[in-house]
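Structure file my_file_4.pdb (PDB, C-alpha atoms and all ligand atoms) follows.
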MODEL        1
ATOM      1  CA  MET F   6     -24.678  19.505 -29.345  1.00  0.00           C
ATOM      2  CA  SER F   7     -22.117  18.797 -26.664  1.00  0.00           C
ATOM      3  CA  GLN F   8     -18.705  17.459 -27.665  1.00  0.00           C
ATOM      4  CA  GLU F   9     -18.207  16.017 -24.233  1.00  0.00           C
ATOM      5  CA  PRO F  10     -19.187  12.339 -24.421  1.00  0.00           C
ATOM      6  CA  PRO F  11     -16.646  11.210 -27.083  1.00  0.00           C
ATOM      7  CA  GLU F  12     -13.944  13.361 -25.510  1.00  0.00           C
ATOM      8  CA  LYS F  13     -14.587  11.899 -22.091  1.00  0.00           C
ATOM      9  CA  MET F  14     -14.561   8.383 -23.528  1.00  0.00           C
ATOM     10  CA  MET F  15     -11.147   9.038 -25.038  1.00  0.00           C
ATOM     11  CA  PHE F  16     -10.050  10.476 -21.714  1.00  0.00           C
ATOM     12  CA  GLN F  17     -10.909   7.233 -19.903  1.00  0.00           C
ATOM     13  CA  LEU F  18      -9.368   5.157 -22.636  1.00  0.00           C
ATOM     14  CA  SER F  19      -6.080   7.007 -22.544  1.00  0.00           C
ATOM     15  CA  LEU F  20      -5.858   6.691 -18.746  1.00  0.00           C
ATOM     16  CA  ARG F  21      -6.434   2.926 -19.027  1.00  0.00           C
ATOM     17  CA  ARG F  22      -3.975   2.615 -21.866  1.00  0.00           C
ATOM     18  CA  ARG F  23      -1.340   4.368 -19.802  1.00  0.00           C
ATOM     19  CA  GLY F  24      -1.802   1.840 -17.012  1.00  0.00           C
ATOM     20  CA  ILE F  25      -4.363   3.226 -14.565  1.00  0.00           C
ATOM     21  CA  SER F  26      -6.331   0.148 -13.488  1.00  0.00           C
ATOM     22  CA  ASP F  27      -7.957   1.040 -10.153  1.00  0.00           C
ATOM     23  CA  GLN F  28     -11.683   1.165 -10.970  1.00  0.00           C
ATOM     24  CA  ALA F  29     -12.522   3.623  -8.204  1.00  0.00           C
ATOM     25  CA  VAL F  30      -9.835   6.008  -9.456  1.00  0.00           C
ATOM     26  CA  LEU F  31     -11.033   5.701 -13.068  1.00  0.00           C
ATOM     27  CA  ARG F  32     -14.632   6.310 -12.018  1.00  0.00           C
ATOM     28  CA  THR F  33     -13.624   9.372 -10.045  1.00  0.00           C
ATOM     29  CA  MET F  34     -11.628  10.776 -12.958  1.00  0.00           C
ATOM     30  CA  GLU F  35     -14.783  10.409 -15.029  1.00  0.00           C
ATOM     31  CA  GLU F  36     -16.969  12.118 -12.461  1.00  0.00           C
ATOM     32  CA  VAL F  37     -14.891  15.168 -11.558  1.00  0.00           C
ATOM     33  CA  PRO F  38     -15.584  17.864 -14.197  1.00  0.00           C
ATOM     34  CA  ARG F  39     -12.074  19.021 -15.143  1.00  0.00           C
ATOM     35  CA  GLU F  40     -13.579  21.716 -17.371  1.00  0.00           C
ATOM     36  CA  ALA F  41     -14.720  23.516 -14.213  1.00  0.00           C
ATOM     37  CA  PHE F  42     -11.120  23.787 -12.975  1.00  0.00           C
ATOM     38  CA  VAL F  43      -9.355  25.143 -16.063  1.00  0.00           C
ATOM     39  CA  THR F  44      -9.484  28.725 -17.357  1.00  0.00           C
ATOM     40  CA  VAL F  45     -12.474  29.623 -19.535  1.00  0.00           C
ATOM     41  CA  THR F  46     -10.280  29.836 -22.631  1.00  0.00           C
ATOM     42  CA  ASP F  47      -8.964  26.289 -22.045  1.00  0.00           C
ATOM     43  CA  ARG F  48     -12.366  24.612 -21.592  1.00  0.00           C
ATOM     44  CA  SER F  49     -12.169  22.803 -24.921  1.00  0.00           C
ATOM     45  CA  TYR F  50      -8.785  21.321 -23.907  1.00  0.00           C
ATOM     46  CA  ALA F  51      -9.982  20.116 -20.495  1.00  0.00           C
ATOM     47  CA  TYR F  52      -9.998  16.430 -21.468  1.00  0.00           C
ATOM     48  CA  ARG F  53      -6.661  16.396 -23.218  1.00  0.00           C
ATOM     49  CA  ASP F  54      -3.910  14.654 -21.308  1.00  0.00           C
ATOM     50  CA  SER F  55      -1.841  17.749 -20.689  1.00  0.00           C
ATOM     51  CA  ALA F  56      -1.111  20.232 -17.932  1.00  0.00           C
ATOM     52  CA  LEU F  57      -2.702  23.659 -18.470  1.00  0.00           C
ATOM     53  CA  GLY F  58      -1.926  27.134 -17.185  1.00  0.00           C
ATOM     54  CA  ILE F  59      -4.044  28.606 -14.361  1.00  0.00           C
ATOM     55  CA  ALA F  60      -3.786  31.944 -12.515  1.00  0.00           C
ATOM     56  CA  CYS F  61      -0.599  33.139 -10.767  1.00  0.00           C
ATOM     57  CA  GLY F  62       1.656  31.432 -13.329  1.00  0.00           C
ATOM     58  CA  GLN F  63       0.818  27.984 -11.925  1.00  0.00           C
ATOM     59  CA  THR F  64      -0.563  24.843 -13.606  1.00  0.00           C
ATOM     60  CA  ILE F  65      -3.300  22.257 -13.237  1.00  0.00           C
ATOM     61  CA  SER F  66      -1.537  18.894 -13.514  1.00  0.00           C
ATOM     62  CA  GLN F  67      -1.852  16.490 -16.404  1.00  0.00           C
ATOM     63  CA  PRO F  68      -4.809  14.100 -15.829  1.00  0.00           C
ATOM     64  CA  PHE F  69      -2.604  11.006 -16.115  1.00  0.00           C
ATOM     65  CA  VAL F  70      -0.348  12.296 -13.328  1.00  0.00           C
ATOM     66  CA  VAL F  71      -3.370  13.126 -11.143  1.00  0.00           C
ATOM     67  CA  ALA F  72      -4.780   9.615 -11.673  1.00  0.00           C
ATOM     68  CA  TYR F  73      -1.385   7.955 -11.165  1.00  0.00           C
ATOM     69  CA  MET F  74      -0.593   9.790  -7.921  1.00  0.00           C
ATOM     70  CA  THR F  75      -4.100   9.113  -6.640  1.00  0.00           C
ATOM     71  CA  GLU F  76      -3.808   5.406  -7.460  1.00  0.00           C
ATOM     72  CA  GLN F  77      -0.429   5.202  -5.736  1.00  0.00           C
ATOM     73  CA  LEU F  78      -1.907   6.647  -2.537  1.00  0.00           C
ATOM     74  CA  GLN F  79      -4.273   3.651  -2.113  1.00  0.00           C
ATOM     75  CA  LEU F  80      -6.930   5.739  -0.428  1.00  0.00           C
ATOM     76  CA  ARG F  81      -9.563   4.484   1.956  1.00  0.00           C
ATOM     77  CA  LYS F  82     -12.813   6.136   2.953  1.00  0.00           C
ATOM     78  CA  ASN F  83     -11.578   6.888   6.462  1.00  0.00           C
ATOM     79  CA  HIS F  84      -8.291   8.559   5.446  1.00  0.00           C
ATOM     80  CA  ARG F  85      -7.341  12.129   6.303  1.00  0.00           C
ATOM     81  CA  VAL F  86      -5.311  13.470   3.417  1.00  0.00           C
ATOM     82  CA  LEU F  87      -3.008  16.493   3.188  1.00  0.00           C
ATOM     83  CA  GLU F  88      -2.335  18.083  -0.192  1.00  0.00           C
ATOM     84  CA  ILE F  89       0.393  20.690  -0.619  1.00  0.00           C
ATOM     85  CA  GLY F  90      -0.294  22.893  -3.655  1.00  0.00           C
ATOM     86  CA  THR F  91      -4.056  23.394  -4.109  1.00  0.00           C
ATOM     87  CA  GLY F  92      -3.714  25.204  -7.440  1.00  0.00           C
ATOM     88  CA  SER F  93      -7.102  24.873  -9.160  1.00  0.00           C
ATOM     89  CA  GLY F  94      -8.437  22.403  -6.586  1.00  0.00           C
ATOM     90  CA  TYR F  95      -8.773  19.606  -9.165  1.00  0.00           C
ATOM     91  CA  GLN F  96      -6.498  17.080  -7.467  1.00  0.00           C
ATOM     92  CA  ALA F  97      -8.197  17.841  -4.143  1.00  0.00           C
ATOM     93  CA  ALA F  98     -11.605  17.142  -5.723  1.00  0.00           C
ATOM     94  CA  VAL F  99     -10.385  13.784  -7.043  1.00  0.00           C
ATOM     95  CA  LEU F 100      -8.923  12.841  -3.653  1.00  0.00           C
ATOM     96  CA  SER F 101     -12.039  13.911  -1.778  1.00  0.00           C
ATOM     97  CA  ARG F 102     -14.195  11.336  -3.537  1.00  0.00           C
ATOM     98  CA  LEU F 103     -11.972   8.503  -2.351  1.00  0.00           C
ATOM     99  CA  CYS F 104     -11.111   9.452   1.233  1.00  0.00           C
ATOM    100  CA  GLY F 105     -12.680  10.924   4.356  1.00  0.00           C
ATOM    101  CA  HIS F 106     -11.256  14.436   4.449  1.00  0.00           C
ATOM    102  CA  VAL F 107      -8.820  16.554   2.439  1.00  0.00           C
ATOM    103  CA  PHE F 108      -6.821  19.403   3.923  1.00  0.00           C
ATOM    104  CA  THR F 109      -5.184  21.326   1.084  1.00  0.00           C
ATOM    105  CA  ILE F 110      -2.822  24.277   1.369  1.00  0.00           C
ATOM    106  CA  GLU F 111      -1.823  26.906  -1.218  1.00  0.00           C
ATOM    107  CA  ARG F 112       0.693  29.772  -0.998  1.00  0.00           C
ATOM    108  CA  TYR F 113      -1.232  32.107  -3.380  1.00  0.00           C
ATOM    109  CA  ARG F 114      -4.235  33.739  -1.759  1.00  0.00           C
ATOM    110  CA  THR F 115      -5.966  34.189  -5.138  1.00  0.00           C
ATOM    111  CA  LEU F 116      -5.692  30.480  -5.945  1.00  0.00           C
ATOM    112  CA  ALA F 117      -6.744  29.366  -2.454  1.00  0.00           C
ATOM    113  CA  ASP F 118      -9.798  31.652  -2.513  1.00  0.00           C
ATOM    114  CA  SER F 119     -10.921  30.674  -5.988  1.00  0.00           C
ATOM    115  CA  ALA F 120     -10.354  26.942  -5.386  1.00  0.00           C
ATOM    116  CA  ARG F 121     -12.365  27.150  -2.152  1.00  0.00           C
ATOM    117  CA  ALA F 122     -15.271  28.885  -3.910  1.00  0.00           C
ATOM    118  CA  ARG F 123     -15.140  26.502  -6.875  1.00  0.00           C
ATOM    119  CA  LEU F 124     -15.101  23.359  -4.705  1.00  0.00           C
ATOM    120  CA  GLU F 125     -17.960  24.650  -2.599  1.00  0.00           C
ATOM    121  CA  LYS F 126     -20.048  25.457  -5.661  1.00  0.00           C
ATOM    122  CA  LEU F 127     -19.413  22.007  -7.111  1.00  0.00           C
ATOM    123  CA  GLY F 128     -20.500  20.388  -3.847  1.00  0.00           C
ATOM    124  CA  TYR F 129     -17.202  19.006  -2.508  1.00  0.00           C
ATOM    125  CA  HIS F 130     -17.851  19.412   1.187  1.00  0.00           C
ATOM    126  CA  ASN F 131     -15.060  17.327   2.725  1.00  0.00           C
ATOM    127  CA  ILE F 132     -12.250  19.604   1.587  1.00  0.00           C
ATOM    128  CA  GLU F 133     -10.664  22.363   3.660  1.00  0.00           C
ATOM    129  CA  VAL F 134      -8.650  24.856   1.626  1.00  0.00           C
ATOM    130  CA  MET F 135      -6.067  26.860   3.544  1.00  0.00           C
ATOM    131  CA  PHE F 136      -3.990  29.838   2.402  1.00  0.00           C
ATOM    132  CA  GLY F 137      -0.530  29.162   3.799  1.00  0.00           C
ATOM    133  CA  ASP F 138       2.884  27.559   3.419  1.00  0.00           C
ATOM    134  CA  GLY F 139       3.056  23.812   2.878  1.00  0.00           C
ATOM    135  CA  PHE F 140       6.507  23.813   4.450  1.00  0.00           C
ATOM    136  CA  ASP F 141       4.913  25.013   7.658  1.00  0.00           C
ATOM    137  CA  ILE F 142       1.681  23.089   8.266  1.00  0.00           C
ATOM    138  CA  PRO F 143      -0.091  24.329  11.409  1.00  0.00           C
ATOM    139  CA  ALA F 144       0.276  21.860  14.283  1.00  0.00           C
ATOM    140  CA  GLY F 145      -3.462  22.078  14.868  1.00  0.00           C
ATOM    141  CA  ALA F 146      -4.078  20.352  11.525  1.00  0.00           C
ATOM    142  CA  GLY F 147      -2.906  17.107  13.112  1.00  0.00           C
ATOM    143  CA  ASP F 148      -1.266  14.156  11.375  1.00  0.00           C
ATOM    144  CA  PHE F 149      -2.329  12.505   8.136  1.00  0.00           C
ATOM    145  CA  ASP F 150      -2.846   9.026   6.684  1.00  0.00           C
ATOM    146  CA  ARG F 151      -1.748  10.281   3.286  1.00  0.00           C
ATOM    147  CA  ILE F 152       0.247  13.286   2.092  1.00  0.00           C
ATOM    148  CA  ILE F 153       0.439  14.371  -1.547  1.00  0.00           C
ATOM    149  CA  VAL F 154       2.761  17.130  -2.688  1.00  0.00           C
ATOM    150  CA  THR F 155       1.875  18.607  -6.075  1.00  0.00           C
ATOM    151  CA  ALA F 156       4.852  20.951  -6.447  1.00  0.00           C
ATOM    152  CA  ALA F 157       8.510  19.993  -6.918  1.00  0.00           C
ATOM    153  CA  MET F 158      10.591  19.710  -3.756  1.00  0.00           C
ATOM    154  CA  GLU F 159      14.377  19.509  -3.859  1.00  0.00           C
ATOM    155  CA  LYS F 160      14.147  17.387  -0.749  1.00  0.00           C
ATOM    156  CA  ILE F 161      11.259  16.131   1.378  1.00  0.00           C
ATOM    157  CA  PRO F 162      11.521  17.985   4.677  1.00  0.00           C
ATOM    158  CA  ASP F 163      11.756  15.811   7.746  1.00  0.00           C
ATOM    159  CA  SER F 164       9.090  17.940   9.413  1.00  0.00           C
ATOM    160  CA  LEU F 165       6.651  16.834   6.699  1.00  0.00           C
ATOM    161  CA  LEU F 166       7.479  13.134   7.064  1.00  0.00           C
ATOM    162  CA  GLN F 167       6.819  13.493  10.775  1.00  0.00           C
ATOM    163  CA  ARG F 168       3.206  14.441   9.971  1.00  0.00           C
ATOM    164  CA  LEU F 169       2.531  10.947   8.569  1.00  0.00           C
ATOM    165  CA  GLU F 170       0.574   8.516  10.713  1.00  0.00           C
ATOM    166  CA  PRO F 171       2.178   5.092  11.226  1.00  0.00           C
ATOM    167  CA  GLY F 172       1.537   3.095   8.038  1.00  0.00           C
ATOM    168  CA  GLY F 173       0.980   6.382   6.218  1.00  0.00           C
ATOM    169  CA  VAL F 174       2.076   7.136   2.665  1.00  0.00           C
ATOM    170  CA  LEU F 175       3.529  10.323   1.190  1.00  0.00           C
ATOM    171  CA  ILE F 176       3.963  10.964  -2.508  1.00  0.00           C
ATOM    172  CA  ALA F 177       5.969  13.880  -3.886  1.00  0.00           C
ATOM    173  CA  PRO F 178       7.918  15.009  -6.958  1.00  0.00           C
ATOM    174  CA  VAL F 179      11.516  15.267  -5.774  1.00  0.00           C
ATOM    175  CA  GLY F 180      14.304  16.902  -7.742  1.00  0.00           C
ATOM    176  CA  PRO F 181      15.594  20.176  -9.135  1.00  0.00           C
ATOM    177  CA  HIS F 182      13.102  22.991  -9.638  1.00  0.00           C
ATOM    178  CA  GLN F 183      14.135  23.319 -13.290  1.00  0.00           C
ATOM    179  CA  GLY F 184      13.691  20.217 -15.428  1.00  0.00           C
ATOM    180  CA  THR F 185      12.557  16.763 -14.424  1.00  0.00           C
ATOM    181  CA  GLN F 186      11.782  15.364 -10.999  1.00  0.00           C
ATOM    182  CA  THR F 187      11.167  11.826  -9.778  1.00  0.00           C
ATOM    183  CA  LEU F 188       7.890  10.925  -8.163  1.00  0.00           C
ATOM    184  CA  VAL F 189       8.817   9.376  -4.825  1.00  0.00           C
ATOM    185  CA  ARG F 190       6.557   7.325  -2.575  1.00  0.00           C
ATOM    186  CA  VAL F 191       7.495   7.149   1.090  1.00  0.00           C
ATOM    187  CA  THR F 192       5.814   4.714   3.493  1.00  0.00           C
ATOM    188  CA  ARG F 193       6.071   5.141   7.234  1.00  0.00           C
ATOM    189  CA  SER F 194       6.681   1.781   8.883  1.00  0.00           C
ATOM    190  CA  ASP F 195       7.381   0.817  12.489  1.00  0.00           C
ATOM    191  CA  GLY F 196      11.101   1.080  11.946  1.00  0.00           C
ATOM    192  CA  GLY F 197      11.204   4.280   9.915  1.00  0.00           C
ATOM    193  CA  PHE F 198      10.597   5.336   6.341  1.00  0.00           C
ATOM    194  CA  ASP F 199      10.768   3.260   3.143  1.00  0.00           C
ATOM    195  CA  SER F 200      11.208   5.194  -0.051  1.00  0.00           C
ATOM    196  CA  LYS F 201      10.525   4.098  -3.626  1.00  0.00           C
ATOM    197  CA  ASP F 202      11.157   5.959  -6.884  1.00  0.00           C
ATOM    198  CA  LEU F 203       8.230   5.743  -9.302  1.00  0.00           C
ATOM    199  CA  VAL F 204       8.253   7.756 -12.554  1.00  0.00           C
ATOM    200  CA  ASP F 205       9.718  10.969 -13.941  1.00  0.00           C
ATOM    201  CA  VAL F 206       7.469  14.017 -13.801  1.00  0.00           C
ATOM    202  CA  ARG F 207       7.567  17.792 -14.225  1.00  0.00           C
ATOM    203  CA  PHE F 208       5.998  20.068 -11.645  1.00  0.00           C
ATOM    204  CA  VAL F 209       6.186  23.769 -10.862  1.00  0.00           C
ATOM    205  CA  PRO F 210       8.450  24.422  -7.861  1.00  0.00           C
ATOM    206  CA  ALA F 211       7.397  24.301  -4.225  1.00  0.00           C
ATOM    207  CA  LEU F 212       8.568  27.652  -2.875  1.00  0.00           C
ATOM    208  CA  PRO F 213       8.905  28.537   0.793  1.00  0.00           C
ATOM    209  CA  GLY F 214       6.579  31.026   2.459  1.00  0.00           C
ATOM    210  CA  ILE F 215       3.314  32.531   1.271  1.00  0.00           C
ATOM    211  CA  ALA F 216       3.420  34.410  -2.049  1.00  0.00           C
ATOM    212  CA  ARG F 217       3.804  38.169  -1.659  1.00  0.00           C
ATOM    213  CA  GLU F 218       1.893  38.756  -4.892  1.00  0.00           C
ATOM    214  CA  LEU F 219      -1.830  37.994  -4.853  1.00  0.00           C
TER     215      LEU F 219
HETATM  216  N1  LIG S 301      -2.766  20.292  -7.407  1.00  0.00           N
HETATM  217  C1  LIG S 301      -3.022  21.415  -8.286  1.00  0.00           C
HETATM  218  C2  LIG S 301      -1.829  21.765  -9.154  1.00  0.00           C
HETATM  219  C3  LIG S 301      -0.735  22.284  -8.361  1.00  0.00           C
HETATM  220  S1  LIG S 301       0.442  23.311  -9.155  1.00  0.00           S
HETATM  221  C4  LIG S 301      -4.256  21.199  -9.125  1.00  0.00           C
HETATM  222  O1  LIG S 301      -4.831  20.116  -9.083  1.00  0.00           O
HETATM  223  O2  LIG S 301      -4.654  22.131  -9.829  1.00  0.00           O
HETATM  224  C5  LIG S 301       1.410  23.573  -7.704  1.00  0.00           C
HETATM  225  C6  LIG S 301       0.827  24.528  -6.716  1.00  0.00           C
HETATM  226  O3  LIG S 301       1.640  24.483  -5.555  1.00  0.00           O
HETATM  227  C7  LIG S 301       0.852  25.981  -7.192  1.00  0.00           C
HETATM  228  O4  LIG S 301      -0.442  26.519  -7.127  1.00  0.00           O
HETATM  229  C8  LIG S 301       1.802  26.648  -6.217  1.00  0.00           C
HETATM  230  O5  LIG S 301       1.459  27.996  -5.914  1.00  0.00           O
HETATM  231  C9  LIG S 301       1.680  25.758  -4.994  1.00  0.00           C
HETATM  232  N2  LIG S 301       2.795  25.828  -4.041  1.00  0.00           N
HETATM  233  C10 LIG S 301       4.121  25.917  -4.297  1.00  0.00           C
HETATM  234  N3  LIG S 301       4.828  25.956  -3.155  1.00  0.00           N
HETATM  235  C11 LIG S 301       3.923  25.888  -2.128  1.00  0.00           C
HETATM  236  C12 LIG S 301       4.031  25.919  -0.704  1.00  0.00           C
HETATM  237  N4  LIG S 301       5.195  26.037  -0.074  1.00  0.00           N
HETATM  238  N5  LIG S 301       2.886  25.835   0.023  1.00  0.00           N
HETATM  239  C13 LIG S 301       1.669  25.741  -0.582  1.00  0.00           C
HETATM  240  N6  LIG S 301       1.520  25.719  -1.928  1.00  0.00           N
HETATM  241  C14 LIG S 301       2.621  25.789  -2.694  1.00  0.00           C
ENDMDL
END

Please express what this file holds, its structure, as structure tokens.
Amino acid sequence: MSQEPPEKMMFQLSLRRRGISDQAVLRTMEEVPREAFVTVTDRSYAYRDSALGIACGQTISQPFVVAYMTEQLQLRKNHRVLEIGTGSGYQAAVLSRLCGHVFTIERYRTLADSARARLEKLGYHNIEVMFGDGFDIPAGAGDFDRIIVTAAMEKIPDSLLQRLEPGGVLIAPVGPHQGTQTLVRVTRSDGGFDSKDLVDVRFVPALPGIAREL
């Protein structure tokens, strides 16, 4: 007999208890099978509210943080979204259900390739996974309504802010690579950029360039 239903109920409950209230986000968190994004040995922990290790020494984020960042983005069905740090592809899958198109970039070829295959197999067809450097998004990718960075940046590069459409929103963990960062939400307005600090988080570092290892 499957253990899933009670676990998934607890999963929803803990997201609500921690303050996630957007129904579309909650529904999406219920629908995306996190167990398909974690390593085989971690399957039984997939619905615990914790980050887990994936290949290349990276992590799949804690479900609460995924839900929180997604809620803060206030996605609409017509939005083009950029994610920096594909990792397992889980956050991209969640985003894809709530927007028009996700362009996600990852500096490890192994992670990019396996996320692409996984997302395709699971039927997420509005996601483009690219192997590359999130600090150097190809100009041809255009500008974005929303940008989500899922690796810690010491500072948000100006070149990234410039890729936001007017009225666009960027969310990123900003702070030192070791220790705690602050989740920052930046909104592009007519006059410039408004920035707001949200909550403390811990992410693996955003490193420049593509990874030399696989
Ligand atoms: N969003 C992921 C978790 C990301 S962990 C998920 O849902 O599973 C952070 C990821 O960012 C790691 O895979 C890391 O390799 C990647 N990363 C770090 N710096 C990067 C950069 N400059 N460009 C692209 N990806 C980067």

Expressed in Å to a single decimal, how great is the separation between atom C12 of ligand LIG 301 (chain S) and atom CA of Ala56 of chain F?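 Spanning atom C12 of ligand LIG 301 (chain S) to atom CA of Ala56 of chain F is a straight-line distance of 18.9 Å.
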
Pull the closest atom pair for each residue of chain F that gets at most 8 Å from ligand LIG 301 (chain S), along with the distance in Å to one decimal, counting all atoms listed in the file, ordering rows by chain and then ascending residue number, as CSV.
residue,atom,partner,partner_atom,distance
F:Phe42,CA,S:LIG301,O2,7.4
F:Ile59,CA,S:LIG301,O2,7.9
F:Cys61,CA,S:LIG301,O5,7.4
F:Gln63,CA,S:LIG301,C7,5.1
F:Thr64,CA,S:LIG301,S1,4.8
F:Ile65,CA,S:LIG301,O2,3.7
F:Ser66,CA,S:LIG301,C2,5.2
F:Val71,CA,S:LIG301,O1,7.4
F:Glu88,CA,S:LIG301,N1,7.6
F:Ile89,CA,S:LIG301,C13,5.2
F:Gly90,CA,S:LIG301,O3,3.1
F:Thr91,CA,S:LIG301,N1,4.7
F:Gly92,CA,S:LIG301,O4,3.5
F:Ser93,CA,S:LIG301,O2,3.7
F:Gly94,CA,S:LIG301,O1,4.9
F:Tyr95,CA,S:LIG301,O1,4.0
F:Gln96,CA,S:LIG301,O1,3.8
F:Ala97,CA,S:LIG301,O1,6.4
F:Ile110,CA,S:LIG301,C13,5.1
F:Glu111,CA,S:LIG301,N6,3.6
F:Arg112,CA,S:LIG301,C13,4.2
F:Tyr113,CA,S:LIG301,O5,5.5
F:Leu116,CA,S:LIG301,O4,6.7
F:Phe136,CA,S:LIG301,C13,7.6
F:Gly137,CA,S:LIG301,C13,6.0
F:Asp138,CA,S:LIG301,N5,3.8
F:Gly139,CA,S:LIG301,N5,3.5
F:Phe140,CA,S:LIG301,N4,5.2
F:Asp141,CA,S:LIG301,N4,7.8
F:Val154,CA,S:LIG301,N1,7.9
F:Thr155,CA,S:LIG301,C3,5.1
F:Ala156,CA,S:LIG301,C5,4.5
F:Ala157,CA,S:LIG301,C10,7.8
F:Phe208,CA,S:LIG301,S1,6.9
F:Val209,CA,S:LIG301,C5,5.7
F:Pro210,CA,S:LIG301,C10,5.8
F:Ala211,CA,S:LIG301,N3,3.2
F:Leu212,CA,S:LIG301,N3,4.1
F:Pro213,CA,S:LIG301,N4,4.6
F:Gly214,CA,S:LIG301,N4,5.8
F:Ile215,CA,S:LIG301,N5,6.8
F:Ala216,CA,S:LIG301,O5,7.7

*Leaving out Val134 of chain F and any residue of its chain fewer than 2 positions from it, which residues lie within 7 Å of it when counting all atoms listed in the file, given as a list in words?*
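That gives Phe108, Thr109, Ile110, Ala117, Arg121, Ile132 and Phe136 of chain F.
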
Translate the PyMOL selection byres (((chain F and resi 101) around 10) and not hetatm), as applied to the file shown, into an explicit residue set as a compact mmCIF listing (two decimals) with C-alpha atoms, keeping the file's coordinate frame.
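Dumped to expr-v8.txt:
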# COMPACT_ATOMS: atom_id res chain seq x y z
CA THR F 33 -13.62 9.37 -10.04
CA LEU F 80 -6.93 5.74 -0.43
CA LYS F 82 -12.81 6.14 2.95
CA HIS F 84 -8.29 8.56 5.45
CA ARG F 85 -7.34 12.13 6.30
CA VAL F 86 -5.31 13.47 3.42
CA TYR F 95 -8.77 19.61 -9.16
CA GLN F 96 -6.50 17.08 -7.47
CA ALA F 97 -8.20 17.84 -4.14
CA ALA F 98 -11.60 17.14 -5.72
CA VAL F 99 -10.38 13.78 -7.04
CA LEU F 100 -8.92 12.84 -3.65
CA ARG F 102 -14.20 11.34 -3.54
CA LEU F 103 -11.97 8.50 -2.35
CA CYS F 104 -11.11 9.45 1.23
CA GLY F 105 -12.68 10.92 4.36
CA HIS F 106 -11.26 14.44 4.45
CA VAL F 107 -8.82 16.55 2.44
CA PHE F 108 -6.82 19.40 3.92
CA TYR F 129 -17.20 19.01 -2.51
CA HIS F 130 -17.85 19.41 1.19
CA ASN F 131 -15.06 17.33 2.72
CA ILE F 132 -12.25 19.60 1.59

Report as JSON the centre and the edge lengths, in Å to one decimal, of the axis-aligned box holding every listed atom of segment 17-26 of chain F, padded by 8 Å on each side.
{"center_x": -6.1, "center_y": 3.7, "center_z": -18.1, "size_x": 25.6, "size_y": 23.1, "size_z": 25.1}

Atom CA of Lys126 of chain F to atom CA of Arg114 of chain F, distance in Å rounded to a single decimal: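 Here the two named atoms are 18.3 Å from each other.
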
Residue neighbourhood segment 164-181 of chain F, 6 Å, all atoms listed in the file, exclusion window fewer than 6 positions, as a PyMOL selection string | chain F and resi 148-154+157-158+187-194

Atoms to include: C-alpha atoms. Write the selected residues as a short mmCIF file (atom, residue, chain, number, x, y, z; two decimals), in the frame of the given file.
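Contents of the output file again.cif:
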data_model
loop_
_atom_site.label_atom_id
_atom_site.label_comp_id
_atom_site.auth_asym_id
_atom_site.auth_seq_id
_atom_site.Cartn_x
_atom_site.Cartn_y
_atom_site.Cartn_z
CA ASP F 148 -1.27 14.16 11.38
CA PHE F 149 -2.33 12.50 8.14
CA ASP F 150 -2.85 9.03 6.68
CA ARG F 151 -1.75 10.28 3.29
CA ILE F 152 0.25 13.29 2.09
CA ILE F 153 0.44 14.37 -1.55
CA VAL F 154 2.76 17.13 -2.69
CA ALA F 157 8.51 19.99 -6.92
CA MET F 158 10.59 19.71 -3.76
CA THR F 187 11.17 11.83 -9.78
CA LEU F 188 7.89 10.92 -8.16
CA VAL F 189 8.82 9.38 -4.82
CA ARG F 190 6.56 7.32 -2.58
CA VAL F 191 7.50 7.15 1.09
CA THR F 192 5.81 4.71 3.49
CA ARG F 193 6.07 5.14 7.23
CA SER F 194 6.68 1.78 8.88
#

Which polymer residues have any atom within 9 Å of an atom of Gln17 of chain F, counting only C-alpha atoms, with same-chain residues fewer than 6 positions away left out, as a list in words?
-> Leu31, Arg32, Met34 and Glu35 of chain F

Restricting the calculation to all atoms listed in the file: of F:Leu20, F:Leu203, F:Met135, F:Ile25, which residue gets closest to Asp54 of chain F?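 Residue with the minimum atom-to-atom distance to Asp54 of chain F: F:Leu20.
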
Among F:Ala122, F:Thr115, F:Ala146, F:Gly197, Glu218 of chain F is approached most closely, using only C-alpha atoms, by F:Thr115

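Taken over the shown file, the PyMOL selection byres (((chain F and resi 205) around 6) and not hetatm) identifies Gln186, Thr187, Val204 and Val206 of chain F.
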